[in-house]
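Next comes structure_20.txt, a file with compact mmCIF, N, CA and C atoms.
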# COMPACT_ATOMS: atom_id res chain seq x y z
N GLN A 295 16.23 10.01 29.47
CA GLN A 295 17.62 9.78 29.21
C GLN A 295 17.87 9.83 27.71
N VAL A 296 19.14 9.91 27.34
CA VAL A 296 19.48 9.98 25.93
C VAL A 296 19.23 8.63 25.25
N GLN A 297 18.57 8.68 24.12
CA GLN A 297 18.31 7.47 23.36
C GLN A 297 18.34 7.81 21.87
N LEU A 298 18.90 6.90 21.10
CA LEU A 298 18.95 7.02 19.65
C LEU A 298 18.39 5.73 19.07
N VAL A 299 17.42 5.85 18.18
CA VAL A 299 16.79 4.67 17.60
C VAL A 299 16.83 4.79 16.09
N GLU A 300 17.59 3.89 15.47
CA GLU A 300 17.69 3.85 14.01
C GLU A 300 16.60 2.95 13.43
N SER A 301 16.22 3.25 12.21
CA SER A 301 15.27 2.42 11.48
C SER A 301 15.46 2.67 9.99
N GLY A 302 14.83 1.81 9.19
CA GLY A 302 14.84 2.02 7.75
C GLY A 302 15.76 1.11 6.97
N GLY A 303 16.51 0.27 7.65
CA GLY A 303 17.38 -0.65 6.94
C GLY A 303 16.59 -1.75 6.25
N GLY A 304 17.30 -2.54 5.48
CA GLY A 304 16.65 -3.65 4.78
C GLY A 304 17.52 -4.18 3.67
N LEU A 305 16.89 -4.98 2.83
CA LEU A 305 17.56 -5.57 1.68
C LEU A 305 17.21 -4.76 0.43
N VAL A 306 18.22 -4.39 -0.32
CA VAL A 306 18.01 -3.60 -1.52
C VAL A 306 18.96 -4.09 -2.61
N GLN A 307 18.54 -3.98 -3.85
CA GLN A 307 19.39 -4.39 -4.96
C GLN A 307 20.45 -3.33 -5.26
N PRO A 308 21.56 -3.73 -5.83
CA PRO A 308 22.56 -2.73 -6.24
C PRO A 308 21.93 -1.65 -7.13
N GLY A 309 22.31 -0.42 -6.86
CA GLY A 309 21.73 0.71 -7.58
C GLY A 309 20.49 1.27 -6.93
N GLY A 310 19.98 0.58 -5.94
CA GLY A 310 18.77 1.02 -5.26
C GLY A 310 19.04 2.07 -4.19
N SER A 311 17.97 2.45 -3.49
CA SER A 311 18.04 3.50 -2.48
C SER A 311 17.38 3.05 -1.19
N LEU A 312 17.84 3.62 -0.10
CA LEU A 312 17.22 3.47 1.20
C LEU A 312 17.35 4.78 1.95
N LYS A 313 16.41 5.02 2.85
CA LYS A 313 16.49 6.20 3.71
C LYS A 313 16.43 5.73 5.16
N LEU A 314 17.51 5.94 5.87
CA LEU A 314 17.57 5.58 7.27
C LEU A 314 17.13 6.75 8.14
N SER A 315 16.54 6.42 9.27
CA SER A 315 16.13 7.43 10.24
C SER A 315 16.81 7.17 11.57
N CYS A 316 17.06 8.23 12.30
CA CYS A 316 17.60 8.14 13.65
C CYS A 316 16.82 9.11 14.52
N ARG A 317 15.94 8.54 15.33
CA ARG A 317 15.12 9.39 16.20
C ARG A 317 15.83 9.56 17.54
N ALA A 318 16.01 10.81 17.92
CA ALA A 318 16.71 11.13 19.16
C ALA A 318 15.72 11.49 20.26
N SER A 319 16.07 11.15 21.48
CA SER A 319 15.30 11.58 22.64
C SER A 319 16.27 11.89 23.77
N GLY A 320 15.84 12.78 24.64
CA GLY A 320 16.69 13.16 25.77
C GLY A 320 17.61 14.34 25.48
N PHE A 321 17.59 14.80 24.25
CA PHE A 321 18.36 15.98 23.87
C PHE A 321 17.78 16.50 22.56
N SER A 322 18.20 17.70 22.19
CA SER A 322 17.70 18.31 20.97
C SER A 322 18.65 18.04 19.81
N ALA A 323 18.14 17.39 18.78
CA ALA A 323 18.96 17.10 17.62
C ALA A 323 19.38 18.38 16.90
N SER A 324 18.57 19.41 17.01
CA SER A 324 18.87 20.65 16.28
C SER A 324 20.07 21.39 16.87
N THR A 325 20.40 21.15 18.11
CA THR A 325 21.49 21.87 18.76
C THR A 325 22.69 20.97 19.06
N THR A 326 22.71 19.80 18.40
CA THR A 326 23.75 18.81 18.67
C THR A 326 24.32 18.28 17.38
N ARG A 327 25.63 18.18 17.32
CA ARG A 327 26.27 17.54 16.18
C ARG A 327 25.98 16.05 16.24
N MET A 328 25.52 15.50 15.13
CA MET A 328 25.20 14.08 15.08
C MET A 328 25.87 13.43 13.88
N GLY A 329 26.10 12.15 13.98
CA GLY A 329 26.80 11.48 12.90
C GLY A 329 26.22 10.12 12.56
N TRP A 330 26.53 9.69 11.35
CA TRP A 330 26.19 8.34 10.88
C TRP A 330 27.49 7.55 10.70
N TYR A 331 27.43 6.29 11.08
CA TYR A 331 28.56 5.39 10.97
C TYR A 331 28.06 4.04 10.45
N ARG A 332 28.98 3.20 10.05
CA ARG A 332 28.60 1.84 9.67
C ARG A 332 29.73 0.88 10.04
N GLN A 333 29.33 -0.37 10.20
CA GLN A 333 30.30 -1.42 10.48
C GLN A 333 29.96 -2.64 9.65
N ALA A 334 30.85 -2.96 8.73
CA ALA A 334 30.69 -4.14 7.90
C ALA A 334 31.28 -5.35 8.61
N PRO A 335 30.84 -6.55 8.25
CA PRO A 335 31.37 -7.76 8.89
C PRO A 335 32.88 -7.83 8.79
N GLY A 336 33.53 -8.05 9.92
CA GLY A 336 34.97 -8.19 9.93
C GLY A 336 35.75 -6.89 9.82
N LYS A 337 35.04 -5.78 9.82
CA LYS A 337 35.71 -4.48 9.68
C LYS A 337 35.41 -3.58 10.87
N GLU A 338 36.23 -2.56 11.02
CA GLU A 338 36.00 -1.60 12.08
C GLU A 338 34.87 -0.64 11.69
N ARG A 339 34.27 -0.08 12.71
CA ARG A 339 33.24 0.91 12.46
C ARG A 339 33.86 2.13 11.80
N GLU A 340 33.19 2.66 10.76
CA GLU A 340 33.71 3.83 10.06
C GLU A 340 32.69 4.96 10.04
N TRP A 341 33.22 6.14 10.13
CA TRP A 341 32.40 7.35 10.05
C TRP A 341 31.95 7.58 8.61
N LEU A 342 30.70 8.01 8.43
CA LEU A 342 30.15 8.28 7.11
C LEU A 342 29.83 9.75 6.89
N ALA A 343 29.15 10.34 7.86
CA ALA A 343 28.66 11.70 7.66
C ALA A 343 28.36 12.35 9.00
N THR A 344 28.47 13.66 9.02
CA THR A 344 28.13 14.45 10.19
C THR A 344 27.19 15.57 9.79
N ILE A 345 26.21 15.82 10.61
CA ILE A 345 25.37 17.00 10.43
C ILE A 345 25.55 17.87 11.67
N ASN A 346 25.91 19.12 11.43
CA ASN A 346 26.20 20.02 12.52
C ASN A 346 24.92 20.67 13.06
N ARG A 347 25.06 21.27 14.21
CA ARG A 347 23.91 21.89 14.86
C ARG A 347 23.42 23.09 14.06
N VAL A 348 22.20 23.46 14.28
CA VAL A 348 21.64 24.66 13.66
C VAL A 348 22.46 25.85 14.12
N GLY A 349 22.84 26.69 13.17
CA GLY A 349 23.61 27.88 13.48
C GLY A 349 25.10 27.67 13.46
N TYR A 350 25.54 26.46 13.16
CA TYR A 350 26.98 26.19 13.09
C TYR A 350 27.62 27.05 12.00
N ILE A 351 28.74 27.64 12.31
CA ILE A 351 29.45 28.48 11.33
C ILE A 351 30.35 27.57 10.52
N GLY A 352 29.91 27.22 9.35
CA GLY A 352 30.65 26.30 8.51
C GLY A 352 29.68 25.41 7.75
N SER A 353 30.18 24.35 7.21
CA SER A 353 29.33 23.44 6.45
C SER A 353 28.32 22.76 7.36
N GLU A 354 27.08 22.68 6.88
CA GLU A 354 26.05 22.01 7.67
C GLU A 354 26.36 20.53 7.82
N SER A 355 26.98 19.96 6.76
CA SER A 355 27.24 18.53 6.80
C SER A 355 28.57 18.21 6.12
N THR A 356 29.18 17.14 6.50
CA THR A 356 30.41 16.64 5.90
C THR A 356 30.27 15.14 5.69
N TYR A 357 31.04 14.63 4.72
CA TYR A 357 30.89 13.24 4.31
C TYR A 357 32.24 12.56 4.09
N LEU A 358 32.22 11.24 4.32
CA LEU A 358 33.33 10.41 3.88
C LEU A 358 33.39 10.49 2.35
N GLU A 359 34.57 10.62 1.81
CA GLU A 359 34.70 10.85 0.38
C GLU A 359 34.04 9.76 -0.45
N SER A 360 34.10 8.52 0.00
CA SER A 360 33.58 7.42 -0.80
C SER A 360 32.05 7.41 -0.88
N VAL A 361 31.37 8.17 -0.02
CA VAL A 361 29.91 8.22 -0.09
C VAL A 361 29.41 9.58 -0.56
N LEU A 362 30.32 10.53 -0.72
CA LEU A 362 29.94 11.87 -1.16
C LEU A 362 29.26 11.78 -2.53
N GLY A 363 28.11 12.41 -2.63
CA GLY A 363 27.34 12.38 -3.86
C GLY A 363 26.34 11.25 -3.92
N ARG A 364 26.48 10.24 -3.06
CA ARG A 364 25.52 9.14 -3.01
C ARG A 364 24.69 9.19 -1.73
N PHE A 365 25.28 9.64 -0.64
CA PHE A 365 24.59 9.70 0.65
C PHE A 365 24.33 11.17 1.00
N THR A 366 23.18 11.41 1.60
CA THR A 366 22.82 12.76 2.04
C THR A 366 22.25 12.70 3.44
N VAL A 367 22.81 13.48 4.34
CA VAL A 367 22.30 13.55 5.71
C VAL A 367 21.41 14.77 5.83
N SER A 368 20.32 14.62 6.58
CA SER A 368 19.39 15.73 6.77
C SER A 368 18.77 15.61 8.16
N ARG A 369 18.00 16.61 8.51
CA ARG A 369 17.41 16.65 9.87
C ARG A 369 16.02 17.25 9.79
N ASP A 370 15.12 16.68 10.59
CA ASP A 370 13.78 17.24 10.78
C ASP A 370 13.68 17.63 12.25
N ASN A 371 13.80 18.93 12.49
CA ASN A 371 13.81 19.39 13.89
C ASN A 371 12.49 19.11 14.59
N SER A 372 11.39 19.15 13.84
CA SER A 372 10.09 18.93 14.46
C SER A 372 9.92 17.50 14.94
N LYS A 373 10.68 16.57 14.34
CA LYS A 373 10.62 15.16 14.74
C LYS A 373 11.84 14.74 15.56
N ASN A 374 12.76 15.69 15.79
CA ASN A 374 13.99 15.39 16.52
C ASN A 374 14.70 14.18 15.92
N THR A 375 14.77 14.18 14.62
CA THR A 375 15.24 13.01 13.86
C THR A 375 16.22 13.46 12.78
N ILE A 376 17.26 12.65 12.59
CA ILE A 376 18.11 12.85 11.43
C ILE A 376 17.94 11.67 10.48
N TYR A 377 18.32 11.89 9.23
CA TYR A 377 18.12 10.89 8.19
C TYR A 377 19.42 10.70 7.41
N LEU A 378 19.51 9.55 6.77
CA LEU A 378 20.59 9.29 5.83
C LEU A 378 19.96 8.72 4.58
N GLN A 379 19.88 9.53 3.55
CA GLN A 379 19.39 9.08 2.26
C GLN A 379 20.56 8.46 1.52
N MET A 380 20.40 7.22 1.11
CA MET A 380 21.46 6.49 0.44
C MET A 380 20.99 6.08 -0.94
N ASP A 381 21.68 6.57 -1.94
CA ASP A 381 21.33 6.29 -3.34
C ASP A 381 22.46 5.52 -4.02
N ASN A 382 22.11 4.89 -5.14
CA ASN A 382 23.10 4.14 -5.91
C ASN A 382 23.91 3.21 -5.01
N LEU A 383 23.19 2.44 -4.22
CA LEU A 383 23.85 1.56 -3.26
C LEU A 383 24.63 0.46 -3.95
N LYS A 384 25.73 0.08 -3.31
CA LYS A 384 26.64 -0.93 -3.84
C LYS A 384 26.75 -2.08 -2.84
N PRO A 385 27.13 -3.25 -3.29
CA PRO A 385 27.28 -4.37 -2.35
C PRO A 385 28.22 -4.05 -1.19
N GLU A 386 29.22 -3.24 -1.46
CA GLU A 386 30.17 -2.88 -0.39
C GLU A 386 29.58 -1.93 0.64
N ASP A 387 28.37 -1.45 0.41
CA ASP A 387 27.67 -0.65 1.42
C ASP A 387 26.97 -1.51 2.46
N THR A 388 26.99 -2.82 2.26
CA THR A 388 26.37 -3.72 3.22
C THR A 388 27.06 -3.60 4.58
N ALA A 389 26.26 -3.31 5.60
CA ALA A 389 26.81 -3.07 6.94
C ALA A 389 25.66 -2.82 7.90
N VAL A 390 26.00 -2.75 9.17
CA VAL A 390 25.07 -2.23 10.16
C VAL A 390 25.36 -0.74 10.29
N TYR A 391 24.30 0.05 10.19
CA TYR A 391 24.42 1.50 10.20
C TYR A 391 23.97 2.04 11.56
N TYR A 392 24.77 2.95 12.10
CA TYR A 392 24.51 3.52 13.41
C TYR A 392 24.49 5.04 13.34
N CYS A 393 23.71 5.64 14.23
CA CYS A 393 23.85 7.07 14.44
C CYS A 393 24.43 7.28 15.84
N SER A 394 25.03 8.44 16.00
CA SER A 394 25.71 8.74 17.25
C SER A 394 25.62 10.22 17.56
N ALA A 395 25.56 10.52 18.85
CA ALA A 395 25.57 11.91 19.31
C ALA A 395 26.01 11.93 20.77
N ILE A 396 26.78 12.94 21.11
CA ILE A 396 27.26 13.19 22.48
C ILE A 396 27.68 11.90 23.19
N GLY A 397 28.37 11.06 22.46
CA GLY A 397 28.91 9.85 23.06
C GLY A 397 27.96 8.67 23.15
N PHE A 398 26.76 8.87 22.68
CA PHE A 398 25.77 7.79 22.70
C PHE A 398 25.60 7.20 21.30
N TRP A 399 25.19 5.92 21.29
CA TRP A 399 24.99 5.20 20.04
C TRP A 399 23.63 4.54 20.03
N GLY A 400 23.07 4.43 18.81
CA GLY A 400 21.87 3.65 18.67
C GLY A 400 22.21 2.18 18.56
N GLN A 401 21.18 1.37 18.36
CA GLN A 401 21.36 -0.07 18.30
C GLN A 401 21.76 -0.54 16.91
N GLY A 402 21.61 0.34 15.92
CA GLY A 402 21.99 0.01 14.56
C GLY A 402 20.85 -0.57 13.75
N THR A 403 20.97 -0.43 12.44
CA THR A 403 20.00 -1.02 11.52
C THR A 403 20.78 -1.64 10.36
N GLN A 404 20.38 -2.86 10.00
CA GLN A 404 21.12 -3.62 8.99
C GLN A 404 20.74 -3.17 7.58
N VAL A 405 21.73 -2.92 6.77
CA VAL A 405 21.53 -2.64 5.35
C VAL A 405 22.28 -3.71 4.56
N THR A 406 21.55 -4.38 3.70
CA THR A 406 22.15 -5.42 2.85
C THR A 406 21.89 -5.07 1.40
N VAL A 407 22.95 -4.95 0.62
CA VAL A 407 22.84 -4.63 -0.80
C VAL A 407 23.26 -5.87 -1.58
N SER A 408 22.28 -6.48 -2.22
CA SER A 408 22.55 -7.74 -2.91
C SER A 408 21.48 -7.98 -3.97
N SER A 409 21.89 -8.63 -5.04
CA SER A 409 20.93 -9.01 -6.07
C SER A 409 20.42 -10.42 -5.82

Can you dump the structure from the file as structure tokens?
Amino acid sequence: QVQLVESGGGLVQPGGSLKLSCRASGFSASTTRMGWYRQAPGKEREWLATINRVGYIGSESTYLESVLGRFTVSRDNSKNTIYLQMDNLKPEDTAVYYCSAIGFWGQGTQVTVSS
């Protein structure tokens, strides 16, 4: 069955970096549009980035403007996994981060940015 498992969250100081992983099973990540989202305490879940399927006619990836240049989404087809590289993290990036595909969601991974 379809399953998404995020990992890589943790506590990081402002200005630091983290790389999140989302391992997919039950479908091919290379042929499916996948996305990263986050939900901060007391706020609604927000979209961060999308990585399109291999062969998509258009941009491979798109980003929320506020994370453009700091976050990078990528994919390793051999591992059926997508990643979210997050650099220059800010306290306002603190949230639970989720990946999503074809209507399914992972369990999320907590990212806390604090000194």

- A:Ser408, A:Gln333, A:Thr388, A:Gln297 ranked by distance to Phe321 in chain A, top pick (using all atoms listed in the file):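 Smallest distance to Phe321 in chain A is found for A:Gln297.
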
- Query: Using only C-alpha atoms, which residue out of A:Gly336, A:Gly304, A:Gly402, A:Gly363 lies closest to Cys316 in chain A?
  - Reply: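 Ranking A:Gly336, A:Gly304, A:Gly402, A:Gly363 by distance to Cys316 in chain A, first place goes to A:Gly402.
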
- Task: With a distance cut-off of 8 Å and all atoms listed in the file, select the neighbouring residues of Cys393 in chain A, excluding the residue or stretch itself and same-chain residues fewer than 6 positions from it, and output the selection as a ChimeraX atom specification.
- Result: /A:298-300,315-316,328-332,399-403

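CA of Ser322 in chain A sits 13.5 Å away from CA of Gly349 in chain A.
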
- Length of the atom N of Ser319 in chain A to CA of Thr375 in chain A vector [Å]: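 For atom N of Ser319 in chain A relative to CA of Thr375 in chain A, the distance reads 7.9 Å.
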
- Find the distance between atom N of Thr366 in chain A and atom C of Ser409 in chain A and write it in Å to one decimal. 23.2 Å

- Task: May I have the protein, DNA and RNA residues with any atom at most 12 Å from the point (10.1, 15.9, 14.9), counting only C-alpha atoms, written as a list in words?
- Result: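 Residues with an atom at most 12 Å from (10.1, 15.9, 14.9): Ser315, Cys316, Arg317, Ala318, Ser319, Ser322, Ala323, Ser324, Arg369, Asp370, Asn371, Ser372, Lys373, Asn374, Thr375, Ile376 and Tyr377 of chain A.
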
Please, could you write that set of residues out with N, CA and C atoms as a PDB file, in the coordinates of the input?
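Output saved as again17.pdb:
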ATOM      1  N   SER A 315      16.540   6.420   9.270  1.00  0.00           N
ATOM      2  CA  SER A 315      16.130   7.430  10.240  1.00  0.00           C
ATOM      3  C   SER A 315      16.810   7.170  11.570  1.00  0.00           C
ATOM      4  N   CYS A 316      17.060   8.230  12.300  1.00  0.00           N
ATOM      5  CA  CYS A 316      17.600   8.140  13.650  1.00  0.00           C
ATOM      6  C   CYS A 316      16.820   9.110  14.520  1.00  0.00           C
ATOM      7  N   ARG A 317      15.940   8.540  15.330  1.00  0.00           N
ATOM      8  CA  ARG A 317      15.120   9.390  16.200  1.00  0.00           C
ATOM      9  C   ARG A 317      15.830   9.560  17.540  1.00  0.00           C
ATOM     10  N   ALA A 318      16.010  10.810  17.920  1.00  0.00           N
ATOM     11  CA  ALA A 318      16.710  11.130  19.160  1.00  0.00           C
ATOM     12  C   ALA A 318      15.720  11.490  20.260  1.00  0.00           C
ATOM     13  N   SER A 319      16.070  11.150  21.480  1.00  0.00           N
ATOM     14  CA  SER A 319      15.300  11.580  22.640  1.00  0.00           C
ATOM     15  C   SER A 319      16.270  11.890  23.770  1.00  0.00           C
ATOM     16  N   SER A 322      18.200  17.700  22.190  1.00  0.00           N
ATOM     17  CA  SER A 322      17.700  18.310  20.970  1.00  0.00           C
ATOM     18  C   SER A 322      18.650  18.040  19.810  1.00  0.00           C
ATOM     19  N   ALA A 323      18.140  17.390  18.780  1.00  0.00           N
ATOM     20  CA  ALA A 323      18.960  17.100  17.620  1.00  0.00           C
ATOM     21  C   ALA A 323      19.380  18.380  16.900  1.00  0.00           C
ATOM     22  N   SER A 324      18.570  19.410  17.010  1.00  0.00           N
ATOM     23  CA  SER A 324      18.870  20.650  16.280  1.00  0.00           C
ATOM     24  C   SER A 324      20.070  21.390  16.870  1.00  0.00           C
ATOM     25  N   ARG A 369      18.000  16.610   8.510  1.00  0.00           N
ATOM     26  CA  ARG A 369      17.410  16.650   9.870  1.00  0.00           C
ATOM     27  C   ARG A 369      16.020  17.250   9.790  1.00  0.00           C
ATOM     28  N   ASP A 370      15.120  16.680  10.590  1.00  0.00           N
ATOM     29  CA  ASP A 370      13.780  17.240  10.780  1.00  0.00           C
ATOM     30  C   ASP A 370      13.680  17.630  12.250  1.00  0.00           C
ATOM     31  N   ASN A 371      13.800  18.930  12.490  1.00  0.00           N
ATOM     32  CA  ASN A 371      13.810  19.390  13.890  1.00  0.00           C
ATOM     33  C   ASN A 371      12.490  19.110  14.590  1.00  0.00           C
ATOM     34  N   SER A 372      11.390  19.150  13.840  1.00  0.00           N
ATOM     35  CA  SER A 372      10.090  18.930  14.460  1.00  0.00           C
ATOM     36  C   SER A 372       9.920  17.500  14.940  1.00  0.00           C
ATOM     37  N   LYS A 373      10.680  16.570  14.340  1.00  0.00           N
ATOM     38  CA  LYS A 373      10.620  15.160  14.740  1.00  0.00           C
ATOM     39  C   LYS A 373      11.840  14.740  15.560  1.00  0.00           C
ATOM     40  N   ASN A 374      12.760  15.690  15.790  1.00  0.00           N
ATOM     41  CA  ASN A 374      13.990  15.390  16.520  1.00  0.00           C
ATOM     42  C   ASN A 374      14.700  14.180  15.920  1.00  0.00           C
ATOM     43  N   THR A 375      14.770  14.180  14.620  1.00  0.00           N
ATOM     44  CA  THR A 375      15.240  13.010  13.860  1.00  0.00           C
ATOM     45  C   THR A 375      16.220  13.460  12.780  1.00  0.00           C
ATOM     46  N   ILE A 376      17.260  12.650  12.590  1.00  0.00           N
ATOM     47  CA  ILE A 376      18.110  12.850  11.430  1.00  0.00           C
ATOM     48  C   ILE A 376      17.940  11.670  10.480  1.00  0.00           C
ATOM     49  N   TYR A 377      18.320  11.890   9.230  1.00  0.00           N
ATOM     50  CA  TYR A 377      18.120  10.890   8.190  1.00  0.00           C
ATOM     51  C   TYR A 377      19.420  10.700   7.410  1.00  0.00           C
TER      52      TYR A 377
END

- Of the candidates A:Asp381, A:Glu340, A:Glu354, A:Glu359, which shows the shortest atom-to-atom distance to Ser394 in chain A, using only C-alpha atoms? A:Glu340

- Message: Using DSSP assignments from the backbone, pull out every residue in range 310-407 of chain A that falls under strand (DSSP E or B) and give it to me as a ChimeraX atom specification.
- Response: /A:312-319,328-333,340-345,355-357,362,365-370,375-380,389-395,398-399,403-407

- Item | All helix (DSSP H, G or I) positions in range 323-369 of chain A, as a ChimeraX atom specification | /A:323-325,359-361

- Message: With distances taken over only N, CA and C atoms, which residue among A:Val361, A:Val405, A:Val390, A:Met380 lies nearest Pro335 in chain A?
- Response: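 Ranked by minimum distance to Pro335 in chain A, first place goes to A:Val390.
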